[in-house]
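One file, protein_32.pdb, is given below (PDB, C-alpha atoms, pLDDT in the B column).
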```
ATOM      1  CA  MET A 289      14.619  -3.883  23.635  1.00 89.00           C
ATOM      2  CA  LYS A 290      15.858  -2.004  20.584  1.00 90.00           C
ATOM      3  CA  GLU A 291      15.090  -1.858  16.904  1.00 91.00           C
ATOM      4  CA  ILE A 292      18.162  -1.584  14.685  1.00 92.00           C
ATOM      5  CA  MET A 293      17.643  -0.353  11.147  1.00 93.00           C
ATOM      6  CA  ALA A 294      20.681  -0.648   8.892  1.00 92.00           C
ATOM      7  CA  VAL A 295      20.854   0.643   5.324  1.00 93.00           C
ATOM      8  CA  VAL A 296      23.583  -1.250   3.459  1.00 92.00           C
ATOM      9  CA  ARG A 297      24.863  -1.715  -0.091  1.00 91.00           C
ATOM     10  CA  MET A 298      22.966  -4.280  -2.194  1.00 90.00           C
ATOM     11  CA  ASN A 299      26.094  -6.345  -2.804  1.00 89.00           C
ATOM     12  CA  LYS A 300      26.823  -6.439   0.931  1.00 88.00           C
ATOM     13  CA  THR A 301      23.562  -8.228   1.751  1.00 89.00           C
ATOM     14  CA  ASN A 302      25.224 -11.615   2.039  1.00 89.00           C
ATOM     15  CA  ALA A 303      28.172 -10.286   4.030  1.00 89.00           C
ATOM     16  CA  THR A 304      25.733  -8.615   6.420  1.00 90.00           C
ATOM     17  CA  LYS A 305      23.654 -11.780   6.824  1.00 90.00           C
ATOM     18  CA  LYS A 306      26.793 -13.766   7.559  1.00 89.00           C
ATOM     19  CA  ALA A 307      28.026 -11.171  10.043  1.00 90.00           C
ATOM     20  CA  LEU A 308      24.658 -11.293  11.829  1.00 89.00           C
ATOM     21  CA  ILE A 309      24.727 -15.078  12.109  1.00 89.00           C
ATOM     22  CA  ASP A 310      28.302 -14.935  13.444  1.00 89.00           C
ATOM     23  CA  THR A 311      27.074 -12.496  16.097  1.00 87.00           C
ATOM     24  CA  GLY A 312      24.319 -14.877  17.078  1.00 84.00           C
ATOM     25  CA  VAL A 313      21.464 -12.907  15.563  1.00 84.00           C
ATOM     26  CA  ALA A 314      19.641 -15.047  13.052  1.00 77.00           C
ATOM     27  CA  GLY A 315      16.371 -13.155  12.655  1.00 86.00           C
ATOM     28  CA  PHE A 316      15.950 -10.064  10.547  1.00 89.00           C
ATOM     29  CA  THR A 317      13.648  -8.432   8.020  1.00 91.00           C
ATOM     30  CA  ALA A 318      15.139  -6.977   4.849  1.00 91.00           C
ATOM     31  CA  ILE A 319      13.570  -4.850   2.135  1.00 93.00           C
ATOM     32  CA  LYS A 320      14.806  -3.120  -0.997  1.00 93.00           C
ATOM     33  CA  VAL A 321      14.931   0.645  -0.615  1.00 93.00           C
ATOM     34  CA  LEU A 322      16.288   3.657  -2.454  1.00 93.00           C
ATOM     35  CA  GLY A 323      18.372   6.180  -0.620  1.00 90.00           C
ATOM     36  CA  ARG A 324      20.829   9.003  -0.640  1.00 89.00           C
ATOM     37  CA  GLY A 325      23.127  10.337   2.032  1.00 85.00           C
ATOM     38  CA  LYS A 326      24.976  13.488   2.877  1.00 83.00           C
ATOM     39  CA  PRO A 327      26.494  14.854  -0.366  1.00 80.00           C
ATOM     40  CA  VAL A 328      30.267  14.481  -0.644  1.00 78.00           C
ATOM     41  CA  GLU A 329      31.924  17.887  -0.357  1.00 77.00           C
ATOM     42  CA  ASP A 330      35.556  17.002  -0.995  1.00 79.00           C
ATOM     43  CA  PRO A 331      36.237  18.370  -4.547  1.00 80.00           C
ATOM     44  CA  VAL A 332      39.241  16.079  -5.085  1.00 82.00           C
ATOM     45  CA  MET A 333      37.163  12.982  -4.388  1.00 79.00           C
ATOM     46  CA  ILE A 334      34.342  14.177  -6.658  1.00 81.00           C
ATOM     47  CA  GLN A 335      36.806  14.890  -9.472  1.00 82.00           C
ATOM     48  CA  GLU A 336      38.400  11.449  -9.156  1.00 81.00           C
ATOM     49  CA  ARG A 337      35.040   9.662  -9.155  1.00 80.00           C
ATOM     50  CA  LYS A 338      33.819  11.754 -12.080  1.00 81.00           C
ATOM     51  CA  GLN A 339      36.888  10.825 -14.131  1.00 81.00           C
ATOM     52  CA  GLU A 340      36.366   7.165 -13.299  1.00 79.00           C
ATOM     53  CA  LEU A 341      32.704   7.237 -14.330  1.00 79.00           C
ATOM     54  CA  LEU A 342      33.349   9.219 -17.520  1.00 77.00           C
ATOM     55  CA  GLU A 343      35.957   6.674 -18.586  1.00 77.00           C
ATOM     56  CA  LEU A 344      33.281   3.985 -18.388  1.00 76.00           C
ATOM     57  CA  ALA A 345      31.148   5.956 -20.842  1.00 72.00           C
ATOM     58  CA  ILE A 346      33.726   6.394 -23.610  1.00 68.00           C
ATOM     59  CA  ASP A 347      31.971   4.966 -26.633  1.00 70.00           C
ATOM     60  CA  GLU A 348      30.916   6.587 -29.901  1.00 69.00           C
ATOM     61  CA  SER A 349      27.340   5.483 -29.440  1.00 73.00           C
ATOM     62  CA  ILE A 350      26.995   7.572 -26.271  1.00 72.00           C
ATOM     63  CA  ASP A 351      26.461  11.295 -26.550  1.00 77.00           C
ATOM     64  CA  ALA A 352      29.201  13.065 -24.560  1.00 74.00           C
ATOM     65  CA  ASP A 353      26.884  15.724 -23.118  1.00 78.00           C
ATOM     66  CA  GLU A 354      24.345  13.125 -22.061  1.00 77.00           C
ATOM     67  CA  ALA A 355      27.072  11.033 -20.412  1.00 77.00           C
ATOM     68  CA  GLU A 356      28.381  14.098 -18.580  1.00 77.00           C
ATOM     69  CA  LYS A 357      24.866  14.921 -17.376  1.00 78.00           C
ATOM     70  CA  GLN A 358      24.321  11.392 -16.096  1.00 78.00           C
ATOM     71  CA  VAL A 359      27.654  11.327 -14.312  1.00 78.00           C
ATOM     72  CA  VAL A 360      26.998  14.672 -12.639  1.00 79.00           C
ATOM     73  CA  SER A 361      23.601  13.448 -11.452  1.00 78.00           C
ATOM     74  CA  PHE A 362      25.396  10.562  -9.747  1.00 77.00           C
ATOM     75  CA  LEU A 363      27.632  12.926  -7.827  1.00 78.00           C
ATOM     76  CA  ASP A 364      25.564  16.010  -6.971  1.00 77.00           C
ATOM     77  CA  GLY A 365      23.349  14.220  -4.468  1.00 74.00           C
ATOM     78  CA  SER A 366      20.125  14.402  -6.467  1.00 78.00           C
ATOM     79  CA  ARG A 367      19.998  10.707  -7.360  1.00 83.00           C
ATOM     80  CA  LEU A 368      18.669   7.838  -5.244  1.00 88.00           C
ATOM     81  CA  PHE A 369      20.742   4.656  -5.097  1.00 89.00           C
ATOM     82  CA  PRO A 370      19.417   1.140  -4.461  1.00 92.00           C
ATOM     83  CA  ARG A 371      20.154  -0.161  -0.965  1.00 92.00           C
ATOM     84  CA  ARG A 372      19.011  -2.928   1.361  1.00 93.00           C
ATOM     85  CA  LEU A 373      17.310  -2.012   4.647  1.00 93.00           C
ATOM     86  CA  PHE A 374      17.759  -4.546   7.456  1.00 92.00           C
ATOM     87  CA  THR A 375      15.464  -4.367  10.472  1.00 92.00           C
ATOM     88  CA  ILE A 376      16.679  -6.297  13.505  1.00 91.00           C
ATOM     89  CA  LEU A 377      15.155  -6.541  16.966  1.00 91.00           C
ATOM     90  CA  ALA A 378      17.762  -6.865  19.701  1.00 90.00           C
ATOM     91  CA  HIS A 379      18.221  -7.032  23.451  1.00 90.00           C
ATOM     92  CA  ASP A 380      19.804  -3.865  24.861  1.00 89.00           C
ATOM     93  CA  ASP A 381      23.086  -5.629  25.721  1.00 89.00           C
ATOM     94  CA  ASP A 382      23.551  -6.992  22.205  1.00 88.00           C
ATOM     95  CA  VAL A 383      23.208  -3.655  20.393  1.00 90.00           C
ATOM     96  CA  PRO A 384      26.916  -2.627  20.448  1.00 90.00           C
ATOM     97  CA  ARG A 385      27.965  -6.088  19.232  1.00 90.00           C
ATOM     98  CA  ILE A 386      25.512  -6.018  16.334  1.00 90.00           C
ATOM     99  CA  ILE A 387      26.505  -2.495  15.305  1.00 90.00           C
ATOM    100  CA  GLU A 388      30.167  -3.478  15.406  1.00 89.00           C
ATOM    101  CA  ALA A 389      29.474  -6.537  13.213  1.00 90.00           C
ATOM    102  CA  ILE A 390      27.407  -4.618  10.648  1.00 90.00           C
ATOM    103  CA  THR A 391      30.002  -1.855  10.473  1.00 90.00           C
ATOM    104  CA  ARG A 392      32.835  -4.337   9.970  1.00 88.00           C
ATOM    105  CA  ALA A 393      30.966  -6.193   7.217  1.00 88.00           C
ATOM    106  CA  ASN A 394      29.996  -3.060   5.311  1.00 87.00           C
ATOM    107  CA  LYS A 395      32.980  -0.753   5.483  1.00 84.00           C
ATOM    108  CA  THR A 396      34.600  -0.185   2.092  1.00 83.00           C
ATOM    109  CA  GLU A 397      37.451   1.950   0.773  1.00 82.00           C
ATOM    110  CA  ASN A 398      35.053   4.384  -0.901  1.00 76.00           C
ATOM    111  CA  ASN A 399      34.666   6.705   2.096  1.00 75.00           C
ATOM    112  CA  ALA A 400      31.021   7.352   1.230  1.00 82.00           C
ATOM    113  CA  GLY A 401      27.839   5.455   0.523  1.00 83.00           C
ATOM    114  CA  ASP A 402      28.419   2.577   2.912  1.00 87.00           C
ATOM    115  CA  GLY A 403      25.122   3.179   4.688  1.00 90.00           C
ATOM    116  CA  THR A 404      23.784   4.206   8.052  1.00 92.00           C
ATOM    117  CA  ILE A 405      22.637   2.363  11.170  1.00 93.00           C
ATOM    118  CA  PHE A 406      19.722   3.672  13.210  1.00 93.00           C
ATOM    119  CA  VAL A 407      18.981   2.465  16.752  1.00 93.00           C
ATOM    120  CA  MET A 408      15.597   3.212  18.263  1.00 93.00           C
ATOM    121  CA  PRO A 409      13.607   2.080  21.277  1.00 93.00           C
ATOM    122  CA  ILE A 410      10.690  -0.257  20.665  1.00 90.00           C
ATOM    123  CA  ALA A 411       7.752  -0.598  23.025  1.00 90.00           C
ATOM    124  CA  ASP A 412       6.947  -4.293  22.692  1.00 89.00           C
ATOM    125  CA  ALA A 413       7.236  -7.345  20.456  1.00 89.00           C
ATOM    126  CA  ILE A 414       4.946 -10.366  20.293  1.00 89.00           C
ATOM    127  CA  ARG A 415       5.744 -13.764  18.808  1.00 87.00           C
ATOM    128  CA  VAL A 416       2.617 -14.787  16.937  1.00 87.00           C
ATOM    129  CA  ARG A 417       3.245 -18.534  17.242  1.00 87.00           C
ATOM    130  CA  THR A 418       3.384 -18.656  21.051  1.00 89.00           C
ATOM    131  CA  GLY A 419       2.011 -15.306  22.148  1.00 86.00           C
ATOM    132  CA  GLU A 420       5.217 -14.512  24.072  1.00 87.00           C
ATOM    133  CA  THR A 421       5.803 -10.809  24.601  1.00 88.00           C
ATOM    134  CA  GLY A 422       8.726  -8.552  25.429  1.00 85.00           C
ATOM    135  CA  GLU A 423      12.316  -9.769  25.582  1.00 85.00           C
ATOM    136  CA  ALA A 424      11.259 -13.426  25.190  1.00 86.00           C
ATOM    137  CA  ALA A 425       9.740 -12.705  21.791  1.00 85.00           C
ATOM    138  CA  ILE A 426      12.999 -11.534  20.189  1.00 84.00           C
ATOM    139  CA  TRP A 427      15.112 -14.712  20.213  1.00 75.00           C
TER     140      TRP A 427
ATOM    141  CA  MET B  81      17.615  12.658  17.229  1.00 90.00           C
ATOM    142  CA  LEU B  82      14.383  11.746  15.523  1.00 93.00           C
ATOM    143  CA  LEU B  83      13.400   9.518  12.621  1.00 93.00           C
ATOM    144  CA  ILE B  84      10.768  11.058  10.385  1.00 94.00           C
ATOM    145  CA  ARG B  85       8.709   8.643   8.314  1.00 94.00           C
ATOM    146  CA  ALA B  86       6.522  10.413   5.802  1.00 95.00           C
ATOM    147  CA  ILE B  87       4.031   8.638   3.557  1.00 94.00           C
ATOM    148  CA  VAL B  88       3.306  10.702   0.457  1.00 94.00           C
ATOM    149  CA  ARG B  89       1.700  10.329  -2.940  1.00 94.00           C
ATOM    150  CA  PRO B  90       4.029   8.744  -5.542  1.00 94.00           C
ATOM    151  CA  GLU B  91       3.641  11.732  -7.878  1.00 93.00           C
ATOM    152  CA  LYS B  92       4.861  14.030  -5.094  1.00 92.00           C
ATOM    153  CA  LYS B  93       8.066  12.079  -4.441  1.00 92.00           C
ATOM    154  CA  ASP B  94      10.438  14.128  -6.596  1.00 91.00           C
ATOM    155  CA  GLU B  95       9.039  17.438  -5.409  1.00 93.00           C
ATOM    156  CA  VAL B  96       9.241  16.510  -1.736  1.00 94.00           C
ATOM    157  CA  LEU B  97      12.797  15.180  -2.117  1.00 93.00           C
ATOM    158  CA  SER B  98      14.046  18.256  -3.956  1.00 91.00           C
ATOM    159  CA  GLN B  99      12.397  20.594  -1.439  1.00 93.00           C
ATOM    160  CA  LEU B 100      13.965  18.588   1.402  1.00 93.00           C
ATOM    161  CA  THR B 101      17.387  18.992  -0.216  1.00 91.00           C
ATOM    162  CA  LYS B 102      16.804  22.744  -0.499  1.00 91.00           C
ATOM    163  CA  ALA B 103      15.780  22.914   3.153  1.00 92.00           C
ATOM    164  CA  GLY B 104      19.010  21.183   4.198  1.00 90.00           C
ATOM    165  CA  PHE B 105      17.915  17.542   4.430  1.00 91.00           C
ATOM    166  CA  PRO B 106      19.774  15.882   1.535  1.00 90.00           C
ATOM    167  CA  ALA B 107      19.847  12.399   3.055  1.00 91.00           C
ATOM    168  CA  ALA B 108      16.780  10.177   2.762  1.00 93.00           C
ATOM    169  CA  THR B 109      15.712   6.572   2.381  1.00 94.00           C
ATOM    170  CA  VAL B 110      12.801   5.923   0.047  1.00 94.00           C
ATOM    171  CA  VAL B 111      10.584   2.832  -0.111  1.00 94.00           C
ATOM    172  CA  ASP B 112       7.654   1.964  -2.369  1.00 94.00           C
ATOM    173  CA  VAL B 113       4.767   0.908  -0.145  1.00 94.00           C
ATOM    174  CA  VAL B 114       1.067   0.181  -0.425  1.00 93.00           C
ATOM    175  CA  GLY B 115      -1.500   1.063   2.187  1.00 91.00           C
ATOM    176  CA  ARG B 116      -4.852   2.444   3.092  1.00 91.00           C
ATOM    177  CA  GLY B 117      -6.072   5.082   5.480  1.00 88.00           C
ATOM    178  CA  LYS B 118      -9.079   5.973   7.565  1.00 86.00           C
ATOM    179  CA  GLN B 119     -11.290   5.958   4.471  1.00 85.00           C
ATOM    180  CA  LYS B 120     -10.690   2.173   4.151  1.00 86.00           C
ATOM    181  CA  GLY B 121      -9.371   2.612   0.619  1.00 85.00           C
ATOM    182  CA  ILE B 122     -11.159   3.906  -2.445  1.00 87.00           C
ATOM    183  CA  ARG B 123     -14.396   2.441  -3.797  1.00 88.00           C
ATOM    184  CA  MET B 124     -14.739   3.000  -7.533  1.00 88.00           C
ATOM    185  CA  GLY B 125     -17.446   1.378  -9.582  1.00 88.00           C
ATOM    186  CA  GLY B 126     -18.188  -1.213  -6.935  1.00 89.00           C
ATOM    187  CA  VAL B 127     -14.542  -2.262  -6.623  1.00 91.00           C
ATOM    188  CA  LEU B 128     -12.709  -1.521  -3.404  1.00 89.00           C
ATOM    189  CA  TYR B 129      -9.057  -0.550  -3.827  1.00 89.00           C
ATOM    190  CA  ASP B 130      -7.407  -0.901  -0.416  1.00 88.00           C
ATOM    191  CA  GLU B 131      -3.784  -1.268  -1.484  1.00 91.00           C
ATOM    192  CA  ILE B 132      -3.069   2.214  -2.698  1.00 92.00           C
ATOM    193  CA  PRO B 133       0.540   2.820  -3.816  1.00 94.00           C
ATOM    194  CA  LYS B 134       2.420   5.397  -1.751  1.00 94.00           C
ATOM    195  CA  ILE B 135       6.019   6.415  -1.139  1.00 95.00           C
ATOM    196  CA  LEU B 136       7.589   6.171   2.320  1.00 95.00           C
ATOM    197  CA  ILE B 137      10.385   8.679   2.902  1.00 95.00           C
ATOM    198  CA  MET B 138      12.592   8.223   5.972  1.00 94.00           C
ATOM    199  CA  VAL B 139      14.839  11.022   7.201  1.00 94.00           C
ATOM    200  CA  ALA B 140      16.946  11.166  10.355  1.00 93.00           C
ATOM    201  CA  ILE B 141      17.147  14.639  11.896  1.00 93.00           C
ATOM    202  CA  HIS B 142      18.274  16.509  15.000  1.00 94.00           C
ATOM    203  CA  ASP B 143      15.506  17.354  17.488  1.00 93.00           C
ATOM    204  CA  GLU B 144      15.571  21.086  16.736  1.00 94.00           C
ATOM    205  CA  GLU B 145      14.989  20.556  12.998  1.00 93.00           C
ATOM    206  CA  ARG B 146      11.634  18.909  13.636  1.00 93.00           C
ATOM    207  CA  GLU B 147       9.318  21.862  12.991  1.00 93.00           C
ATOM    208  CA  ASN B 148      11.255  22.831   9.886  1.00 93.00           C
ATOM    209  CA  ILE B 149      11.086  19.443   8.161  1.00 94.00           C
ATOM    210  CA  ILE B 150       7.427  18.882   9.045  1.00 94.00           C
ATOM    211  CA  ASP B 151       6.661  22.271   7.580  1.00 93.00           C
ATOM    212  CA  VAL B 152       8.473  21.439   4.324  1.00 94.00           C
ATOM    213  CA  ILE B 153       6.736  18.063   3.932  1.00 93.00           C
ATOM    214  CA  LEU B 154       3.284  19.429   4.778  1.00 92.00           C
ATOM    215  CA  LYS B 155       3.721  22.275   2.311  1.00 92.00           C
ATOM    216  CA  THR B 156       4.928  20.160  -0.624  1.00 93.00           C
ATOM    217  CA  ALA B 157       2.986  16.908  -0.146  1.00 92.00           C
ATOM    218  CA  ARG B 158      -0.441  18.477   0.260  1.00 92.00           C
ATOM    219  CA  THR B 159      -2.675  18.629  -2.810  1.00 91.00           C
ATOM    220  CA  GLY B 160      -5.400  21.217  -3.357  1.00 88.00           C
ATOM    221  CA  GLU B 161      -6.083  24.196  -1.126  1.00 86.00           C
ATOM    222  CA  ASP B 162      -7.060  22.373   2.078  1.00 87.00           C
ATOM    223  CA  GLY B 163      -5.470  19.019   1.323  1.00 86.00           C
ATOM    224  CA  THR B 164      -7.183  15.880   0.063  1.00 88.00           C
ATOM    225  CA  PHE B 165      -7.795  12.408   1.500  1.00 89.00           C
ATOM    226  CA  GLY B 166      -4.774  10.313   0.580  1.00 88.00           C
ATOM    227  CA  ASP B 167      -2.130  13.016   0.861  1.00 91.00           C
ATOM    228  CA  GLY B 168      -0.350  10.887   3.437  1.00 92.00           C
ATOM    229  CA  LYS B 169       0.937  11.030   6.986  1.00 93.00           C
ATOM    230  CA  ILE B 170       4.061  11.831   8.947  1.00 95.00           C
ATOM    231  CA  PHE B 171       5.253   9.608  11.800  1.00 95.00           C
ATOM    232  CA  ILE B 172       7.983  10.681  14.206  1.00 95.00           C
ATOM    233  CA  THR B 173       9.955   8.210  16.321  1.00 93.00           C
ATOM    234  CA  PRO B 174      12.832   8.824  18.718  1.00 93.00           C
ATOM    235  CA  LEU B 175      16.257   7.716  17.511  1.00 92.00           C
ATOM    236  CA  GLU B 176      18.741   6.748  20.173  1.00 91.00           C
ATOM    237  CA  GLU B 177      21.891   6.320  18.140  1.00 90.00           C
ATOM    238  CA  VAL B 178      23.007   6.777  14.556  1.00 92.00           C
ATOM    239  CA  TYR B 179      26.193   5.314  13.036  1.00 92.00           C
ATOM    240  CA  THR B 180      27.616   6.242   9.648  1.00 90.00           C
ATOM    241  CA  ILE B 181      29.382   3.148   8.347  1.00 89.00           C
ATOM    242  CA  SER B 182      31.813   4.834   5.953  1.00 85.00           C
ATOM    243  CA  ARG B 183      33.047   7.168   8.671  1.00 84.00           C
ATOM    244  CA  GLY B 184      32.910   4.357  11.214  1.00 82.00           C
ATOM    245  CA  GLY B 185      31.623   6.656  13.920  1.00 82.00           C
ATOM    246  CA  ARG B 186      28.563   7.810  15.748  1.00 85.00           C
ATOM    247  CA  GLY B 187      26.397  10.715  14.668  1.00 81.00           C
ATOM    248  CA  LEU B 188      24.317  11.952  11.768  1.00 80.00           C
TER     249      LEU B 188
END
```
Could you write out this file's structure as structure tokens?
Amino acid sequence: MKEIMAVVRMNKTNATKKALIDTGVAGFTAIKVLGRGKPVEDPVMIQERKQELLELAIDESIDADEAEKQVVSFLDGSRLFPRRLFTILAHDDDVPRIIEAITRANKTENNAGDGTIFVMPIADAIRVRTGETGEAAIW
Amino acid sequence: MLLIRAIVRPEKKDEVLSQLTKAGFPAATVVDVVGRGKQKGIRMGGVLYDEIPKILIMVAIHDEERENIIDVILKTARTGEDGTFGDGKIFITPLEEVYTISRGGRGL
């Protein structure tokens, strides 16, 4: 019996839910979280993203220095970004399938910020309605 | 690998996160939570407050970094000389596997 915790992009919530149903896992718990990952170290990628973000801010009403500061805070790893945390209980055999499905649903072209999946052992689970414990309580 | 879950005071969030970055733990997941501890909440003027707002910080680490990160959190999250009720707790759970989606592979 394993607990899978997956941090995914907010706009991938529906894709993740669909992927889980397609895998045969209907039950999950999801909460809104804030998170940050390993900072991106590739200077070319940072420069590209910075240019992209600065172009969004071109407007006379926005102070250039302030915009620059905001953009840098997005890229230097000090800012927390909104994400969705899925918690799924799974039988041992199903874990690779679920991880594969979540990965496929959440991979983007951005090369960073797609989230992380944690797998950890869980001692027991109890279904409140019937009192079933262990593997029978999952699904 | 281990998953560290630290519950800290909301006003300590920024300090703990920046100290964690300095200590080499830039990645974290942060959740707003409410809870109570051994003291059953706070009683003030006859009203019992048992849903006290806290911040839950989750960090995945390698086994050997354990002492280091606990040290950093204990040092920054504690208030007053000897600590105060409500400073929070740290839970440590084993992590079997970690996958980074953007890289598509295993590992922290």
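When you apply the PyMOL selection byres ((chain A) within 8 of (chain B)) to this structure, what comes back is Lys320, Val321, Leu322, Gly323, Arg324, Gly325, Lys326, Pro327, Gly365, Ser366, Thr391, Asn394, Lys395, Thr396, Asn398, Asn399, Ala400, Gly401, Asp402, Gly403, Thr404, Ile405, Phe406, Val407, Met408 and Pro409 of chain A.
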*asked:* I'd like the residues picked by the PyMOL selection byres ((chain A and resi 330-346) around 9) written out as a ChimeraX atom specification, using the chain letters and numbers from the file.
replied: /A:328-329,347-350,352,355-356,359-360,362-364
Could you dump the residues just selected with C-alpha atoms as a PDB file, keeping the file's coordinate frame?
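Result file follows (result.pdb):
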```
ATOM      1  CA  VAL A 328      30.267  14.481  -0.644  1.00 78.00           C
ATOM      2  CA  GLU A 329      31.924  17.887  -0.357  1.00 77.00           C
ATOM      3  CA  ASP A 347      31.971   4.966 -26.633  1.00 70.00           C
ATOM      4  CA  GLU A 348      30.916   6.587 -29.901  1.00 69.00           C
ATOM      5  CA  SER A 349      27.340   5.483 -29.440  1.00 73.00           C
ATOM      6  CA  ILE A 350      26.995   7.572 -26.271  1.00 72.00           C
ATOM      7  CA  ALA A 352      29.201  13.065 -24.560  1.00 74.00           C
ATOM      8  CA  ALA A 355      27.072  11.033 -20.412  1.00 77.00           C
ATOM      9  CA  GLU A 356      28.381  14.098 -18.580  1.00 77.00           C
ATOM     10  CA  VAL A 359      27.654  11.327 -14.312  1.00 78.00           C
ATOM     11  CA  VAL A 360      26.998  14.672 -12.639  1.00 79.00           C
ATOM     12  CA  PHE A 362      25.396  10.562  -9.747  1.00 77.00           C
ATOM     13  CA  LEU A 363      27.632  12.926  -7.827  1.00 78.00           C
ATOM     14  CA  ASP A 364      25.564  16.010  -6.971  1.00 77.00           C
TER      15      ASP A 364
END
```
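From atom CA of Gly422 of chain A back to atom CA of Val313 of chain A, the distance works out to 16.7 Å.
Pairwise distance (atom CA of Phe369 of chain A, atom CA of Arg89 of chain B) equals 20.0 Å.
Atom CA of Ala318 of chain A to atom CA of Ala378 of chain A spans 15.1 Å [interatomic distance, one decimal].
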*Just say which residues the PyMOL selection byres ((chain A and resi 316) around 10) picks in this file, as number ranges by chain.*
A: 292-293, 305, 308, 313-315, 317-318, 374-378
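If you count all atoms listed in the file and ignore residues fewer than 6 places along the chain from Asp412 of chain A, what sits within 9 Å of it is Met289, Thr421, Gly422, Glu423 and Ala425 of chain A.
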Hey, can you spit out that residue selection with C-alpha atoms as an mmCIF file, keeping the file's coordinate frame?
```cif
data_model
loop_
_atom_site.group_PDB
_atom_site.id
_atom_site.type_symbol
_atom_site.label_atom_id
_atom_site.label_comp_id
_atom_site.auth_asym_id
_atom_site.auth_seq_id
_atom_site.Cartn_x
_atom_site.Cartn_y
_atom_site.Cartn_z
ATOM 1 C CA MET A 289 14.619 -3.883 23.635
ATOM 2 C CA THR A 421 5.803 -10.809 24.601
ATOM 3 C CA GLY A 422 8.726 -8.552 25.429
ATOM 4 C CA GLU A 423 12.316 -9.769 25.582
ATOM 5 C CA ALA A 425 9.740 -12.705 21.791
#
```
